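The structure file target_26.txt is reproduced below (compact mmCIF, C-alpha atoms and all ligand atoms).
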# COMPACT_ATOMS: atom_id res chain seq x y z
CA MET A 1 293.31 110.56 -109.70
CA GLY A 2 294.27 113.78 -111.44
CA ASN A 3 294.06 115.64 -108.15
CA ASP A 4 296.29 113.22 -106.27
CA LYS A 5 299.30 115.51 -106.15
CA LYS A 6 297.25 118.52 -105.08
CA ASP A 7 295.60 116.53 -102.29
CA LYS A 8 298.97 115.48 -100.96
CA ALA A 9 300.74 118.81 -101.16
CA LEU A 10 301.60 120.24 -97.78
CA ILE A 11 302.01 123.69 -99.32
CA ASP A 12 300.37 124.52 -102.61
CA ILE A 13 301.38 127.77 -104.28
CA GLN A 14 299.19 128.62 -107.26
CA ASN A 15 300.12 131.38 -109.71
CA VAL A 16 301.37 133.63 -106.94
CA GLY A 17 302.54 137.15 -107.67
CA LEU A 18 303.41 140.03 -105.42
CA ILE A 19 303.68 143.73 -106.14
CA TYR A 20 305.06 146.03 -103.45
CA GLU A 21 303.42 149.44 -103.29
CA ALA A 22 306.51 151.63 -103.22
CA LYS A 23 306.63 155.46 -103.12
CA ARG A 24 307.63 156.17 -106.72
CA LYS A 25 306.39 153.15 -108.62
CA PRO A 26 305.11 149.74 -107.60
CA ILE A 27 307.71 146.96 -107.58
CA LYS A 28 306.75 143.64 -109.09
CA ALA A 29 308.78 141.29 -106.92
CA ILE A 30 307.52 137.87 -108.06
CA GLU A 31 305.23 136.78 -110.84
CA ASP A 32 303.17 133.67 -111.55
CA ILE A 33 304.90 131.23 -109.23
CA SER A 34 303.36 127.78 -108.91
CA LEU A 35 304.91 125.20 -106.66
CA GLN A 36 303.87 122.25 -104.54
CA ILE A 37 305.86 121.32 -101.46
CA GLU A 38 305.41 117.76 -100.25
CA LYS A 39 306.16 116.34 -96.83
CA GLY A 40 309.82 115.34 -96.61
CA ASP A 41 311.01 117.71 -99.34
CA PHE A 42 314.24 119.60 -98.75
CA LEU A 43 313.71 122.42 -101.18
CA CYS A 44 316.51 124.89 -101.84
CA VAL A 45 315.88 128.17 -103.65
CA LEU A 46 318.59 129.89 -105.65
CA GLY A 47 318.45 133.06 -107.71
CA PRO A 48 320.10 136.44 -108.21
CA SER A 49 319.91 139.05 -105.47
CA GLY A 50 316.58 140.89 -105.51
CA CYS A 51 314.75 138.21 -107.51
CA GLY A 52 312.10 137.75 -104.83
CA LYS A 53 313.26 134.74 -102.84
CA SER A 54 312.61 136.32 -99.44
CA THR A 55 309.30 137.67 -100.73
CA LEU A 56 308.21 134.13 -101.62
CA LEU A 57 309.29 132.88 -98.19
CA ARG A 58 307.37 135.68 -96.43
CA ILE A 59 304.24 134.72 -98.39
CA ILE A 60 304.57 131.06 -97.37
CA ALA A 61 305.21 132.12 -93.76
CA GLY A 62 302.05 134.22 -93.86
CA TYR A 63 303.77 137.57 -93.27
CA LEU A 64 302.72 138.86 -96.70
CA LYS A 65 299.57 138.33 -98.70
CA PRO A 66 300.10 137.70 -102.42
CA THR A 67 298.62 140.33 -104.74
CA SER A 68 297.65 137.60 -107.20
CA GLY A 69 297.19 133.86 -106.93
CA ILE A 70 296.83 131.88 -103.75
CA CYS A 71 299.00 129.99 -101.26
CA LEU A 72 297.45 127.01 -99.46
CA MET A 73 298.52 124.72 -96.65
CA HIS A 74 296.66 121.39 -96.50
CA GLY A 75 294.26 122.94 -98.99
CA LYS A 76 293.42 125.97 -96.82
CA PRO A 77 294.55 129.53 -97.58
CA ILE A 78 297.44 130.80 -95.47
CA ILE A 79 296.07 133.91 -93.77
CA GLY A 80 298.83 134.77 -91.30
CA PRO A 81 301.85 133.42 -89.49
CA ASP A 82 301.37 130.40 -87.25
CA TRP A 83 303.60 127.85 -85.56
CA HIS A 84 302.92 125.15 -88.19
CA ARG A 85 305.43 127.07 -90.28
CA GLY A 86 308.64 127.76 -88.35
CA VAL A 87 310.91 130.50 -89.66
CA ALA A 88 314.67 130.87 -89.16
CA PHE A 89 316.44 133.93 -90.55
CA GLN A 90 320.05 134.77 -91.33
CA SER A 91 320.60 136.80 -88.18
CA PRO A 92 318.93 134.90 -85.40
CA THR A 93 316.46 136.90 -83.35
CA LEU A 94 316.74 135.40 -79.89
CA TYR A 95 315.23 136.87 -76.74
CA PRO A 96 318.29 138.35 -75.00
CA TRP A 97 316.67 138.40 -71.56
CA MET A 98 316.05 134.65 -71.63
CA SER A 99 318.52 131.81 -71.17
CA VAL A 100 319.26 129.42 -74.01
CA ARG A 101 316.84 126.91 -72.51
CA LYS A 102 314.04 129.47 -72.09
CA ASN A 103 314.46 130.58 -75.69
CA VAL A 104 313.97 127.01 -76.90
CA GLU A 105 311.09 126.38 -74.48
CA PHE A 106 309.34 129.57 -75.56
CA GLY A 107 307.12 128.07 -78.29
CA PRO A 108 305.93 125.05 -76.30
CA ARG A 109 305.25 127.37 -73.34
CA MET A 110 303.15 129.68 -75.55
CA LYS A 111 301.13 126.62 -76.52
CA ASN A 112 300.37 126.08 -72.81
CA LEU A 113 301.77 122.56 -72.81
CA PRO A 114 302.26 120.90 -69.43
CA GLU A 115 305.55 121.92 -67.76
CA ASP A 116 306.99 118.37 -68.08
CA ASP A 117 306.40 118.36 -71.84
CA ILE A 118 307.94 121.83 -72.20
CA LYS A 119 311.07 120.64 -70.40
CA ARG A 120 311.25 117.39 -72.38
CA ILE A 121 310.86 119.11 -75.75
CA GLY A 122 313.41 121.78 -74.79
CA ARG A 123 315.96 119.14 -73.76
CA TYR A 124 315.34 117.08 -76.89
CA TYR A 125 316.03 119.91 -79.33
CA LEU A 126 318.93 121.34 -77.32
CA GLU A 127 320.49 117.88 -77.56
CA GLN A 128 319.84 117.76 -81.30
CA VAL A 129 321.80 120.98 -81.81
CA ASP A 130 324.41 119.91 -79.27
CA LEU A 131 323.84 122.76 -76.82
CA ILE A 132 322.49 120.93 -73.80
CA ASP A 133 325.55 121.96 -71.75
CA PHE A 134 324.85 125.61 -72.54
CA SER A 135 321.20 125.55 -71.46
CA ASP A 136 321.61 128.06 -68.66
CA LYS A 137 323.83 130.53 -70.52
CA ALA A 138 322.56 133.90 -71.63
CA THR A 139 322.36 134.18 -75.41
CA PHE A 140 324.94 137.02 -75.49
CA GLU A 141 327.51 134.57 -74.13
CA LEU A 142 327.28 132.46 -77.29
CA SER A 143 329.20 132.52 -80.56
CA GLY A 144 327.44 133.28 -83.84
CA GLY A 145 327.19 129.61 -84.80
CA MET A 146 325.82 128.72 -81.38
CA LYS A 147 323.17 131.45 -81.62
CA GLN A 148 322.19 130.07 -85.02
CA ARG A 149 321.82 126.62 -83.42
CA VAL A 150 319.64 128.03 -80.63
CA ALA A 151 317.46 129.72 -83.25
CA LEU A 152 317.17 126.42 -85.09
CA ALA A 153 316.30 124.53 -81.89
CA ARG A 154 313.72 127.18 -81.06
CA ALA A 155 312.09 126.83 -84.48
CA LEU A 156 312.16 123.01 -84.21
CA ALA A 157 310.73 123.00 -80.68
CA ASN A 158 307.41 124.18 -82.11
CA GLU A 159 307.47 120.95 -84.13
CA PRO A 160 306.37 122.84 -87.23
CA GLU A 161 305.18 120.97 -90.30
CA VAL A 162 307.52 122.98 -92.46
CA ILE A 163 310.68 124.90 -91.64
CA LEU A 164 311.34 128.05 -93.66
CA MET A 165 314.92 129.30 -93.67
CA ASP A 166 316.22 132.50 -95.27
CA GLU A 167 319.97 132.17 -95.83
CA PRO A 168 320.32 130.72 -92.34
CA PHE A 169 324.07 130.07 -92.54
CA GLY A 170 325.04 133.15 -94.54
CA ALA A 171 326.68 134.94 -91.62
CA LEU A 172 328.74 131.97 -90.44
CA ASP A 173 332.40 131.19 -91.13
CA ALA A 174 333.08 128.39 -93.63
CA LEU A 175 333.81 125.67 -91.08
CA THR A 176 330.82 126.42 -88.83
CA ARG A 177 328.73 126.58 -91.96
CA VAL A 178 329.70 123.07 -93.03
CA ASN A 179 328.92 121.80 -89.53
CA MET A 180 325.52 123.49 -89.61
CA GLN A 181 324.78 121.95 -92.99
CA LYS A 182 325.58 118.51 -91.62
CA LEU A 183 323.42 119.22 -88.58
CA ILE A 184 320.42 120.34 -90.60
CA ARG A 185 320.76 117.31 -92.89
CA ASP A 186 320.84 114.98 -89.88
CA ILE A 187 317.81 116.69 -88.31
CA TRP A 188 315.92 116.58 -91.61
CA MET A 189 316.62 112.86 -92.04
CA LYS A 190 315.94 111.93 -88.44
CA ASN A 191 312.64 113.83 -88.16
CA ASN A 192 311.54 113.46 -91.81
CA SER A 193 311.11 117.26 -91.77
CA THR A 194 310.02 119.44 -94.63
CA ILE A 195 312.40 122.29 -95.34
CA PHE A 196 312.23 125.33 -97.63
CA MET A 197 315.61 127.02 -97.61
CA ILE A 198 316.90 130.07 -99.45
CA THR A 199 320.61 130.18 -100.09
CA HIS A 200 323.00 131.96 -102.42
CA ASP A 201 325.50 129.10 -102.17
CA ILE A 202 325.04 126.62 -105.04
CA ASP A 203 327.15 123.96 -103.31
CA GLU A 204 325.01 124.27 -100.20
CA ALA A 205 321.87 123.76 -102.28
CA LEU A 206 323.37 120.81 -104.17
CA SER A 207 324.63 119.12 -101.04
CA LEU A 208 321.41 119.48 -99.04
CA GLY A 209 318.43 119.72 -101.35
CA THR A 210 316.21 117.02 -102.76
CA ARG A 211 314.84 119.75 -105.00
CA ILE A 212 316.45 122.97 -106.20
CA LEU A 213 314.46 125.84 -107.64
CA VAL A 214 316.31 128.40 -109.70
CA MET A 215 314.58 131.77 -109.99
CA SER A 216 315.01 134.38 -112.69
CA LYS A 217 315.92 137.97 -111.99
CA SER A 218 313.16 140.34 -111.07
CA PRO A 219 310.25 139.90 -111.34
CA GLY A 220 311.14 136.46 -110.03
CA LYS A 221 309.73 133.43 -111.77
CA ILE A 222 310.78 129.80 -111.53
CA LEU A 223 313.28 129.14 -114.32
CA LYS A 224 313.93 125.48 -113.63
CA GLU A 225 313.61 122.80 -111.00
CA PHE A 226 316.19 120.08 -110.37
CA LYS A 227 315.45 116.91 -108.43
CA LEU A 228 318.53 115.49 -106.77
CA GLY A 229 319.85 113.10 -104.20
CA PHE A 230 323.46 114.12 -103.54
CA THR A 231 322.49 114.73 -99.91
CA TYR A 232 321.95 110.98 -99.43
CA THR A 233 325.55 110.23 -100.40
CA ALA A 234 326.65 112.03 -97.20
CA MET A 235 325.30 109.03 -95.26
CA GLU A 236 327.87 106.78 -96.90
CA ASN A 237 330.81 108.97 -95.91
CA LYS A 238 332.12 108.88 -92.37
CA TYR A 239 332.79 112.63 -92.40
CA GLY A 240 329.30 113.35 -93.73
CA ARG A 241 330.66 114.65 -97.01
CA ILE A 242 328.69 114.24 -100.18
CA LYS A 243 330.11 112.52 -103.24
CA ILE A 244 330.95 115.01 -105.97
CA GLU A 245 330.51 113.33 -109.33
CA GLU A 246 330.42 114.50 -112.88
CA GLU A 247 326.66 114.98 -112.67
CA TYR A 248 327.15 117.33 -109.72
CA MET A 249 329.59 119.49 -111.68
CA ASN A 250 327.30 119.56 -114.71
CA ILE A 251 324.30 120.71 -112.70
CA LYS A 252 326.42 123.28 -110.88
CA GLU A 253 327.58 124.76 -114.18
CA GLU A 254 324.08 124.80 -115.57
CA ILE A 255 322.83 126.69 -112.51
CA LEU A 256 325.75 129.14 -112.63
CA ASP A 257 324.95 129.88 -116.28
CA MET A 258 321.30 130.41 -115.44
CA ILE A 259 322.01 132.78 -112.56
CA ASN A 260 324.65 134.81 -114.38
CA GLY A 261 323.04 134.70 -117.79
N1 LIG B 1 309.13 145.86 -98.14
C1 LIG B 1 309.42 146.13 -99.41
N2 LIG B 1 308.94 147.23 -100.02
C2 LIG B 1 309.20 147.50 -101.31
N3 LIG B 1 309.98 146.71 -102.09
C3 LIG B 1 310.49 145.60 -101.54
C4 LIG B 1 310.26 145.25 -100.18
N4 LIG B 1 310.92 144.10 -99.91
C5 LIG B 1 311.54 143.75 -101.05
N5 LIG B 1 311.29 144.65 -102.04
C6 LIG B 1 311.76 144.57 -103.42
O1 LIG B 1 311.27 143.36 -104.00
C7 LIG B 1 312.27 142.73 -104.79
C8 LIG B 1 312.54 141.35 -104.25
O2 LIG B 1 313.12 141.43 -102.96
P1 LIG B 1 313.49 140.14 -102.08
O3 LIG B 1 313.98 140.63 -100.78
O4 LIG B 1 312.35 139.21 -102.09
O5 LIG B 1 314.69 139.53 -102.96
P2 LIG B 1 315.73 138.35 -102.62
O6 LIG B 1 315.70 137.42 -103.78
O7 LIG B 1 315.43 137.78 -101.29
O8 LIG B 1 317.13 139.12 -102.61
P3 LIG B 1 318.47 138.79 -101.76
O9 LIG B 1 319.10 137.59 -102.41
O10 LIG B 1 319.32 140.01 -101.97
O11 LIG B 1 318.09 138.57 -100.34
C9 LIG B 1 313.47 143.68 -104.77
O12 LIG B 1 313.41 144.48 -105.91
C10 LIG B 1 313.26 144.49 -103.52
O13 LIG B 1 313.82 145.77 -103.67
MG MG B 2 316.49 137.70 -99.47
Could you render the structure as structure tokens?
Amino acid sequence: MGNDKKDKALIDIQNVGLIYEAKRKPIKAIEDISLQIEKGDFLCVLGPSGCGKSTLLRIIAGYLKPTSGICLMHGKPIIGPDWHRGVAFQSPTLYPWMSVRKNVEFGPRMKNLPEDDIKRIGRYYLEQVDLIDFSDKATFELSGGMKQRVALARALANEPEVILMDEPFGALDALTRVNMQKLIRDIWMKNNSTIFMITHDIDEALSLGTRILVMSKSPGKILKEFKLGFTYTAMENKYGRIKIEEEYMNIKEEILDMING
């Protein structure tokens, strides 16, 4: 039974390190990171700027190969990007020549699904992000928050097994940001998704994550993991706000000390 956890892990990161070959001297970005991501996890990653968060995400996505250790999905090495791992970045990269609908339908169309399925999936995810009425707009006609929602719908439309997000709401104003957080929580709960999200906002991590990883400054290692459930308290509140208790404040302070100290 000792291997139970390993067998179950959707993503299994074992002693992963990455050194960038830079001009003057190599940069050790992350070192000896081990982490298992299970189905249904909402994992938030916090850490000082430059500690290697995006590097870790790019390794999981398959954009970068670790220089030491190994990263597995369902027990098989990740050798390149594929649609089982959907990525959403801070500044959404939409196809400007395509309508909102076509952007969201892009993945299913690349998979050569039947036209009816492509349309159904596109409609479903546009409804989830509340953009169905904007389906035929060009992406340049949208606000920043709307573009972020299209990018999210496009990532979801591939029905990936894990969604990787690199500070997805960083460029949004405070109000839109809170709405996006609520949206992503709802989508995560409804679809039982697995999410790996980098953020620099401790409150965002505390209010969404079921797990928080705090990384040390470069070369990034995992300093501590917190398991939490504040996100579930949002269900009990009619405005979708989480309950801020003493425990929340204590964990927040502990994380602040770790990141600043
Ligand atoms: N392509 C690259 N070539 C060389 N060095 C890189 C490259 N990308 C990142 N680095 C370096 O690796 C380290 C980690 O960078 P990374 O982008 O992973 O950090 P981060 O935690 O995402 O930071 P931030 O919070 O500012 O986004 C930094 O020292 C950075 O300068
Ligand atoms: Mg980064």
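Residues in contact range of segment 63-68 of chain A, defined as at most 9 Å between only C-alpha atoms, with sequence neighbours fewer than 5 positions away removed, read A:Asn15, A:Val16, A:Gly17, A:Leu18, A:Ile19, A:Tyr20, A:Glu31, A:Asp32, A:Thr55, A:Leu56, A:Leu57, A:Arg58, A:Ile78, A:Ile79, A:Gly80, A:Pro81.
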Please write out the residues within 12 Å of ligand LIG 1 (chain B) as a ChimeraX atom specification, counting all atoms listed in the file. /A:17-31,45-59,63-64,89-90,165-168,170,197-201,214-222,259
What separation in Å, quoted to one decimal, exists between atom CA of Val100 of chain A and atom CA of Arg120 of chain A? 14.5 Å
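Closest approach to Gly40 of chain A among A:Asn192, A:Gln128, A:Thr176, A:Gln14 is made by A:Asn192 (distances from all atoms listed in the file).
Compared by their closest atoms to Phe196 of chain A, and using only C-alpha atoms, the residues A:Ile251, A:His74, A:Ser34, A:Val87 rank with A:Val87 nearest.
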For Trp83 of chain A, please output as a PyMOL selection string all residues within 8 Å (counting only C-alpha atoms; exclusion window: fewer than 2 positions along the same chain). chain A and resi 81+85-86+158+160
